[in-house]
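Colleague: One structure is given below, represented as structure tokens, and several questions about it will come after.
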Amino acid sequence: MKTPMKAFTFAAGCLSASFALADAPVLTVYAPDYFVSEWGPGPKIEELFEAKCNCDLQFKPGDLLPRVLLEGDKTEADIVIGLNTDVTKKARESGLFATHNVALDGLTLPLDWTDDTFLPFNYGHTAFIYDTTKIETAPASFDDLLNAPDDLRLVIQDPRSSISGLALVLWVNAVYGDKAADAWAKLAPKIVTVTRGWSESYGMFTDGEADMVLSYTTSPAYHIIAEGDETKKAAIFPEGHYFMVELAAKVASTDQPELADKFMEFVLGQDFQGMIATGNWSIPAALPKDQWPDGFQKLDLPEKVLFYDETEAAALRDTAIEAWRSALSQ
Amino acid sequence: MAQRALSISAGLALAILTLGPIAAVLIRAGGLGSFRPGDFEALQFTVWQALLSGFFSTLLAIPVARALARRQFFGRRLLISLLGAPFILPVIVAVMGLIAVFGQNGILNSGLAAFGGPRLDIYGLHGVVLAHVFFNLPLATRMLLQAWLAIPAERFRLAASLGLTPWGQFLTLEWPLIRRIAPGAFAVIFVICLTSFAVALTLGGGPRATTVELAIYQAMRFDFDLGRAAMLALMQLGLATVAGLIALKLAPSQGFGVGRGRQVPRWDGRSTMARTFDMIWIFLAAAFLLVPLALVVLKGMPGLFAGAGQGTWTAAKHSVLVALASTALSMVWALPLANRKGELLSVAAIAISPLVIGTGLFLILRPFVNPFTMALPVTTVVNAMMALPFALRILRPEAEAVEHDFGRLRQTLRLTTWAWFTRVWLPRLRRPMGFAAGLTAALAMGDLGVIALFADPDRATLPLQVYRLMGAYQMEAAAGAALLLLILSFGLFWLFDRGGRAGADT
């Protein structure tokens, strides 16, 4: 029986391949899975940072916070990048993250940001994206969307398994407050289905199964820049759009504190900020609008931005999800 | 004795791999979590959709398998192989394929609209069941077909010479076979549907279709409530064990006695009506299963031809390696477990949330090794384990039949274990083993359940790559990678399956 041997040889090969370390100090960065693909921002970040740090930046993709919490202060991570505001409260309370010491005056976010632990590197807003060749006049406000005919087909994400889905229920809550349940009841007949994550929803939209998809105000930029297609637009609502930001943080137990600090500085620096728009299809957190890539300057962006800080969001979360769940379960 | 020791250690390894991770999660959590109000509804929906999915998959498989068993037509072999394909598709791809057919904008609705027909809505409980039948009908069909083809041809000849009516023949030959195979097939499908999450949610149309697995996901990733996740995982385990026990109770394990292993033409089912019915069943099954696949293929072509990208090819290589290693491991693991207890154990093992297994293994392995370096080995072992119940469901009836039919011969001739193994056992089990190996390989290509905590940037598998591409707006490249995954899974499946059937007349 040679076969089990092969499995072991294979396993052993996988192990030994990882021990090929360079001499340079290693900065270990935990990042969401999509970061590290050749289409994600990971490879560019690695290239740019390694050019100036004389170090070896290694991305470790996967679940961010669950993983760091499981590992506790024994984690190998020096930096965690790609966190969202829904987990910052839990992350902060764990005491596993250190303050970043980066000056925040260069930030160009649409709202004030004073967090000394979690550093924003790009942002966007929740928005419903539509195809101008299929919908002539998109809903001009959230109210319009609620009162649109029921044959307008929407696809959204589940707030229990997806960060954009969670942002949507908070968005509805921010716009409609204690009338959120009524808003969901009006929206329910238009919702074709709810998917586990953003990818499935967006796939259904590009396949023509839905007329509008819950995504980000920045999504059209991808189509404009990468595909030269200007027919995908975000419907902008005067009631405001929910603010979505991605964050980086330094791990308190890092064995490379200086390198980690350098990386946190780098995140708001020109190199990183100039690349992240097209690297991660989001708006740079510290770059004036006139320096954004052309495609981003063409984006329709909301005047008004809605946002709950982590304490408010944590307090509202269960009620907001329940309003969604009970209305859509009817 | 040696055989027994082998059985026990294989069973023990499986039990440790199943319960170890839950125990690790429980210890870390410091106890079971609380039951929440919504959980009861989730549990109800989970069980109900799994029951319906298992029932319809098995029920519909009966006429399809019967038709395939007694008809010969051009392309039958290819069709039988192709019918295995839905089972091995990654969930996200299969769902897209189904939506392309049954969705609001799908070809079915477009066709109906062209004739002024009503609009069908796929989203709801029926959509969930439809998708699960799409995945599992082929599995049930193949399990039954396998058994049908294992009826010694002499029995059909005897039935013909006794002049049994079709109904009489059904009662004496086919019904015992269905009773022997169907409960097990139902149980495996029921259990696999218990852990459904993305399919149930997307095609269920929203929170009405909340399953226990979604609650586990939420507890794990969003609330970081390990105790609750472990509690829900134990609930899944309990359900699966009950299902497994009932199925094994219902299924008698007698065979049909010995034949000479010849292929004999069949005399039954020659009436025009029987022929027409068989052909209708075959046509319907083929259309239901193959049209969505064809759409996946069409959609993936541009992406694949555009050059799927370096990452995709590397991921493909990893997936094939994982699949081959998983298959080898799974076969070695399955053979000593091909008995009643082994099968029950393996069915219980797949009921446990992949997320909980992943987290538990992470907690267990972390003190000793760097989990990042373990991405592919862990995937290999878990995939092998997840494929076990399917492998066993296919192997066990045949293994027991060989034992039952040829055991006396073995004693009379005083065959050594080796001679028995190489001369009787392996040649007799070649067909089911080929099928089981093919299924394992294909399953191992498609699965990504546990990798989230072990992911390694340089060792992505192909399903993970599909998700990564979609996450980066690369829908076309993702469709291409999905097609590549389909081709490779199917290729492996076909190679093993054919290998097992080489020289056989079927």
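Here's how to read the names in the structure tokens: chain A, B, ... by the order shown, residue numbers from 1 in each chain, ligand numbers from 1 in the order shown.
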Do me a favour and pick out the residues of chain B within 8 Å of chain A, using only C-alpha atoms, as JSON, numbers by chain.

Modeller: {"B": [92, 96, 99, 100, 103, 104, 105, 106, 123, 198, 201, 202, 203, 204, 205, 206, 207, 208, 214, 217, 218, 220, 221, 222, 224, 311, 325, 326, 328, 329, 332, 363, 372, 373, 374, 376, 377, 452, 453, 454, 455, 456, 457, 465, 467, 468, 469, 470, 471, 472, 473, 474, 475]}

Colleague: Residues of segment 242-351 of chain B within 7 Å of segment 382-402 of chain B: nearest atom pair and distance (Å, one decimal) for each, counting only C-alpha atoms, sorted by chain and number, as JSON lines?

Modeller:
```
{"residue": "B:Gly255", "atom": "CA", "partner": "B:Ala401", "partner_atom": "CA", "distance": 5.5}
{"residue": "B:Ser326", "atom": "CA", "partner": "B:Ala384", "partner_atom": "CA", "distance": 4.6}
{"residue": "B:Thr327", "atom": "CA", "partner": "B:Ala384", "partner_atom": "CA", "distance": 6.4}
{"residue": "B:Leu329", "atom": "CA", "partner": "B:Ala384", "partner_atom": "CA", "distance": 6.2}
{"residue": "B:Ser330", "atom": "CA", "partner": "B:Ala384", "partner_atom": "CA", "distance": 4.7}
{"residue": "B:Ala334", "atom": "CA", "partner": "B:Leu392", "partner_atom": "CA", "distance": 6.1}
{"residue": "B:Ala338", "atom": "CA", "partner": "B:Arg396", "partner_atom": "CA", "distance": 4.7}
{"residue": "B:Asn339", "atom": "CA", "partner": "B:Arg396", "partner_atom": "CA", "distance": 6.1}
{"residue": "B:Glu343", "atom": "CA", "partner": "B:Leu392", "partner_atom": "CA", "distance": 6.1}
{"residue": "B:Ser346", "atom": "CA", "partner": "B:Pro389", "partner_atom": "CA", "distance": 5.0}
{"residue": "B:Val347", "atom": "CA", "partner": "B:Pro389", "partner_atom": "CA", "distance": 5.3}
{"residue": "B:Ile350", "atom": "CA", "partner": "B:Met386", "partner_atom": "CA", "distance": 5.5}
```

Colleague: Need to verify the contact set: Pro25 of chain A, 10 Å, only C-alpha atoms, exclusion of same-chain residues closer than 6 positions in sequence. Can you return it as a list in words?

Modeller: Cys53, Asn54, Cys55, Asp56, Leu57, Asp255, Gln256 and Leu259 of chain A

Colleague: Just C-alpha atoms for this one: save the residues we selected as a compact mmCIF listing (two decimals), in the first residue's frame.

Modeller:
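Generated output (out-v6.txt):
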```
# COMPACT_ATOMS: atom_id res chain seq x y z
CA CYS A 53 11.55 48.54 5.11
CA ASN A 54 14.34 46.04 4.50
CA CYS A 55 12.04 43.40 5.83
CA ASP A 56 9.91 40.51 4.71
CA LEU A 57 6.20 41.28 4.85
CA ASP A 255 7.87 41.07 18.35
CA GLN A 256 8.56 43.72 15.69
CA LEU A 259 8.51 47.61 12.02
```

Colleague: Pick from B:Pro463, B:Gly434, B:Gly227, B:Gly303: nearest to Gly33 of chain B, with only C-alpha atoms counted?

Modeller: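 Under the stated criterion, the closest residue is B:Gly227.
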
Colleague: Considering only helix (DSSP H, G or I) as DSSP defines it on the backbone, what residues of segment 50-278 of chain A qualify? List them as a ChimeraX atom specification.

Modeller: /A:50-53,65-74,88-94,142-147,163-190,198-206,219-227,257-268,270-278

Colleague: Mind giving me the straight-line distance from atom CA of Thr108 of chain A to atom CA of Ala221 of chain A in Å, one decimal?

Modeller: 18.6 Å

Colleague: Determine, counting only C-alpha atoms, which protein, DNA and RNA residues have an atom within 10 Å of an atom of segment 171-181 of chain A; residues of the same chain fewer than 4 positions away are not included. Present the result as a PyMOL selection string.

Modeller: chain A and resi 125-127+142-143+165-167+185-187+239-243+305-308+316-317+319-328

Colleague: Could you write out the selected residues, including C-alpha atoms, as a PDB file, in the first residue's frame?

Modeller:
```pdb
ATOM      1  CA  HIS A 125     -20.676  53.679   1.709  1.00  0.00           C
ATOM      2  CA  THR A 126     -23.439  51.151   1.416  1.00  0.00           C
ATOM      3  CA  ALA A 127     -25.439  51.730  -1.742  1.00  0.00           C
ATOM      4  CA  PHE A 142     -34.691  55.650   0.238  1.00  0.00           C
ATOM      5  CA  ASP A 143     -38.403  56.451   0.401  1.00  0.00           C
ATOM      6  CA  GLY A 165     -25.604  43.058   5.262  1.00  0.00           C
ATOM      7  CA  LEU A 166     -25.097  44.289   8.795  1.00  0.00           C
ATOM      8  CA  ALA A 167     -24.343  47.784   7.499  1.00  0.00           C
ATOM      9  CA  ALA A 185     -42.053  45.355   5.394  1.00  0.00           C
ATOM     10  CA  LYS A 186     -42.202  47.620   2.314  1.00  0.00           C
ATOM     11  CA  LEU A 187     -38.840  46.412   1.096  1.00  0.00           C
ATOM     12  CA  GLU A 239     -31.381  60.503   3.533  1.00  0.00           C
ATOM     13  CA  GLY A 240     -27.720  59.535   3.703  1.00  0.00           C
ATOM     14  CA  HIS A 241     -25.627  56.418   3.226  1.00  0.00           C
ATOM     15  CA  TYR A 242     -24.022  54.211   5.822  1.00  0.00           C
ATOM     16  CA  PHE A 243     -20.294  54.667   6.181  1.00  0.00           C
ATOM     17  CA  VAL A 305     -23.002  60.098   5.711  1.00  0.00           C
ATOM     18  CA  LEU A 306     -24.607  57.984   8.444  1.00  0.00           C
ATOM     19  CA  PHE A 307     -22.594  56.111  10.988  1.00  0.00           C
ATOM     20  CA  TYR A 308     -22.971  54.550  14.440  1.00  0.00           C
ATOM     21  CA  LEU A 316     -28.512  48.537  18.186  1.00  0.00           C
ATOM     22  CA  ARG A 317     -27.350  45.451  16.382  1.00  0.00           C
ATOM     23  CA  THR A 319     -32.795  45.017  17.441  1.00  0.00           C
ATOM     24  CA  ALA A 320     -31.867  46.049  13.900  1.00  0.00           C
ATOM     25  CA  ILE A 321     -31.288  42.450  12.820  1.00  0.00           C
ATOM     26  CA  GLU A 322     -34.518  41.329  14.466  1.00  0.00           C
ATOM     27  CA  ALA A 323     -36.510  44.026  12.609  1.00  0.00           C
ATOM     28  CA  TRP A 324     -35.048  42.701   9.367  1.00  0.00           C
ATOM     29  CA  ARG A 325     -35.584  39.064  10.269  1.00  0.00           C
ATOM     30  CA  SER A 326     -39.184  39.355  11.361  1.00  0.00           C
ATOM     31  CA  ALA A 327     -40.212  41.477   8.361  1.00  0.00           C
ATOM     32  CA  LEU A 328     -38.575  39.125   5.861  1.00  0.00           C
TER      33      LEU A 328
END
```

Colleague: Enter the distance from atom CA of Val466 of chain B to atom CA of Ala481 of chain B, in Å, rounded to one decimal.

Modeller: 6.0 Å

Colleague: Smallest atom-to-atom distance to Thr99 of chain A: which of A:Ala260, A:Ile224, A:Ala249, A:Leu301, using only C-alpha atoms?

Modeller: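 Nearest to Thr99 of chain A: A:Ala249.
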
Colleague: What's around Thr254 of chain A at 10 Å? Count only C-alpha atoms, leave out sequence neighbours fewer than 4 positions away in its own chain, and write the answer as a ChimeraX atom specification.

Modeller: /A:27-28,73-79,96-98,250,258-260

Colleague: Would you write out those residues with N, CA and C atoms, as a PDB file, in the first residue's frame?

Modeller:
```
ATOM      1  N   LEU A  27       7.585  40.774   9.076  1.00  0.00           N
ATOM      2  CA  LEU A  27       6.394  41.438   9.601  1.00  0.00           C
ATOM      3  C   LEU A  27       5.192  40.602   9.172  1.00  0.00           C
ATOM      4  N   THR A  28       4.510  40.033  10.146  1.00  0.00           N
ATOM      5  CA  THR A  28       3.377  39.157   9.826  1.00  0.00           C
ATOM      6  C   THR A  28       2.083  39.965   9.872  1.00  0.00           C
ATOM      7  N   ASP A  73      -2.490  36.369  23.234  1.00  0.00           N
ATOM      8  CA  ASP A  73      -1.229  37.108  23.080  1.00  0.00           C
ATOM      9  C   ASP A  73      -0.108  36.235  22.519  1.00  0.00           C
ATOM     10  N   LYS A  74      -0.425  34.986  22.182  1.00  0.00           N
ATOM     11  CA  LYS A  74       0.590  34.157  21.526  1.00  0.00           C
ATOM     12  C   LYS A  74       0.525  34.309  20.010  1.00  0.00           C
ATOM     13  N   THR A  75      -0.327  35.175  19.527  1.00  0.00           N
ATOM     14  CA  THR A  75      -0.478  35.304  18.080  1.00  0.00           C
ATOM     15  C   THR A  75       0.829  35.711  17.413  1.00  0.00           C
ATOM     16  N   GLU A  76       1.005  35.224  16.177  1.00  0.00           N
ATOM     17  CA  GLU A  76       2.212  35.654  15.470  1.00  0.00           C
ATOM     18  C   GLU A  76       1.987  36.977  14.782  1.00  0.00           C
ATOM     19  N   ALA A  77       0.746  37.422  14.740  1.00  0.00           N
ATOM     20  CA  ALA A  77       0.463  38.627  13.976  1.00  0.00           C
ATOM     21  C   ALA A  77       1.169  39.828  14.582  1.00  0.00           C
ATOM     22  N   ASP A  78       1.714  40.683  13.715  1.00  0.00           N
ATOM     23  CA  ASP A  78       2.240  41.964  14.161  1.00  0.00           C
ATOM     24  C   ASP A  78       1.229  43.059  13.836  1.00  0.00           C
ATOM     25  N   ILE A  79       0.552  42.845  12.715  1.00  0.00           N
ATOM     26  CA  ILE A  79      -0.435  43.805  12.235  1.00  0.00           C
ATOM     27  C   ILE A  79      -1.678  43.027  11.830  1.00  0.00           C
ATOM     28  N   LEU A  96      -5.803  43.115  23.016  1.00  0.00           N
ATOM     29  CA  LEU A  96      -4.723  42.534  22.213  1.00  0.00           C
ATOM     30  C   LEU A  96      -4.123  43.540  21.235  1.00  0.00           C
ATOM     31  N   PHE A  97      -4.723  44.723  21.134  1.00  0.00           N
ATOM     32  CA  PHE A  97      -4.230  45.686  20.151  1.00  0.00           C
ATOM     33  C   PHE A  97      -3.624  46.914  20.837  1.00  0.00           C
ATOM     34  N   ALA A  98      -2.612  47.472  20.193  1.00  0.00           N
ATOM     35  CA  ALA A  98      -1.889  48.600  20.778  1.00  0.00           C
ATOM     36  C   ALA A  98      -2.308  49.895  20.088  1.00  0.00           C
ATOM     37  N   LYS A 250      -2.231  47.658  15.139  1.00  0.00           N
ATOM     38  CA  LYS A 250      -0.984  47.034  15.552  1.00  0.00           C
ATOM     39  C   LYS A 250      -1.279  46.097  16.709  1.00  0.00           C
ATOM     40  N   GLU A 258       8.880  48.166  16.117  1.00  0.00           N
ATOM     41  CA  GLU A 258       9.273  49.295  15.279  1.00  0.00           C
ATOM     42  C   GLU A 258       8.799  49.130  13.847  1.00  0.00           C
ATOM     43  N   LEU A 259       8.958  47.900  13.373  1.00  0.00           N
ATOM     44  CA  LEU A 259       8.513  47.608  12.015  1.00  0.00           C
ATOM     45  C   LEU A 259       6.997  47.815  11.907  1.00  0.00           C
ATOM     46  N   ALA A 260       6.299  47.382  12.954  1.00  0.00           N
ATOM     47  CA  ALA A 260       4.843  47.524  12.961  1.00  0.00           C
ATOM     48  C   ALA A 260       4.447  49.005  12.938  1.00  0.00           C
TER      49      ALA A 260
END
```

Colleague: Have a look at A:Leu111, A:Asp229, A:Leu119, A:Met244 and name the one nearest to Glu303 of chain A; count only C-alpha atoms.

Modeller: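 When distances to Glu303 of chain A are compared using only C-alpha atoms, the smallest one comes from A:Leu111.
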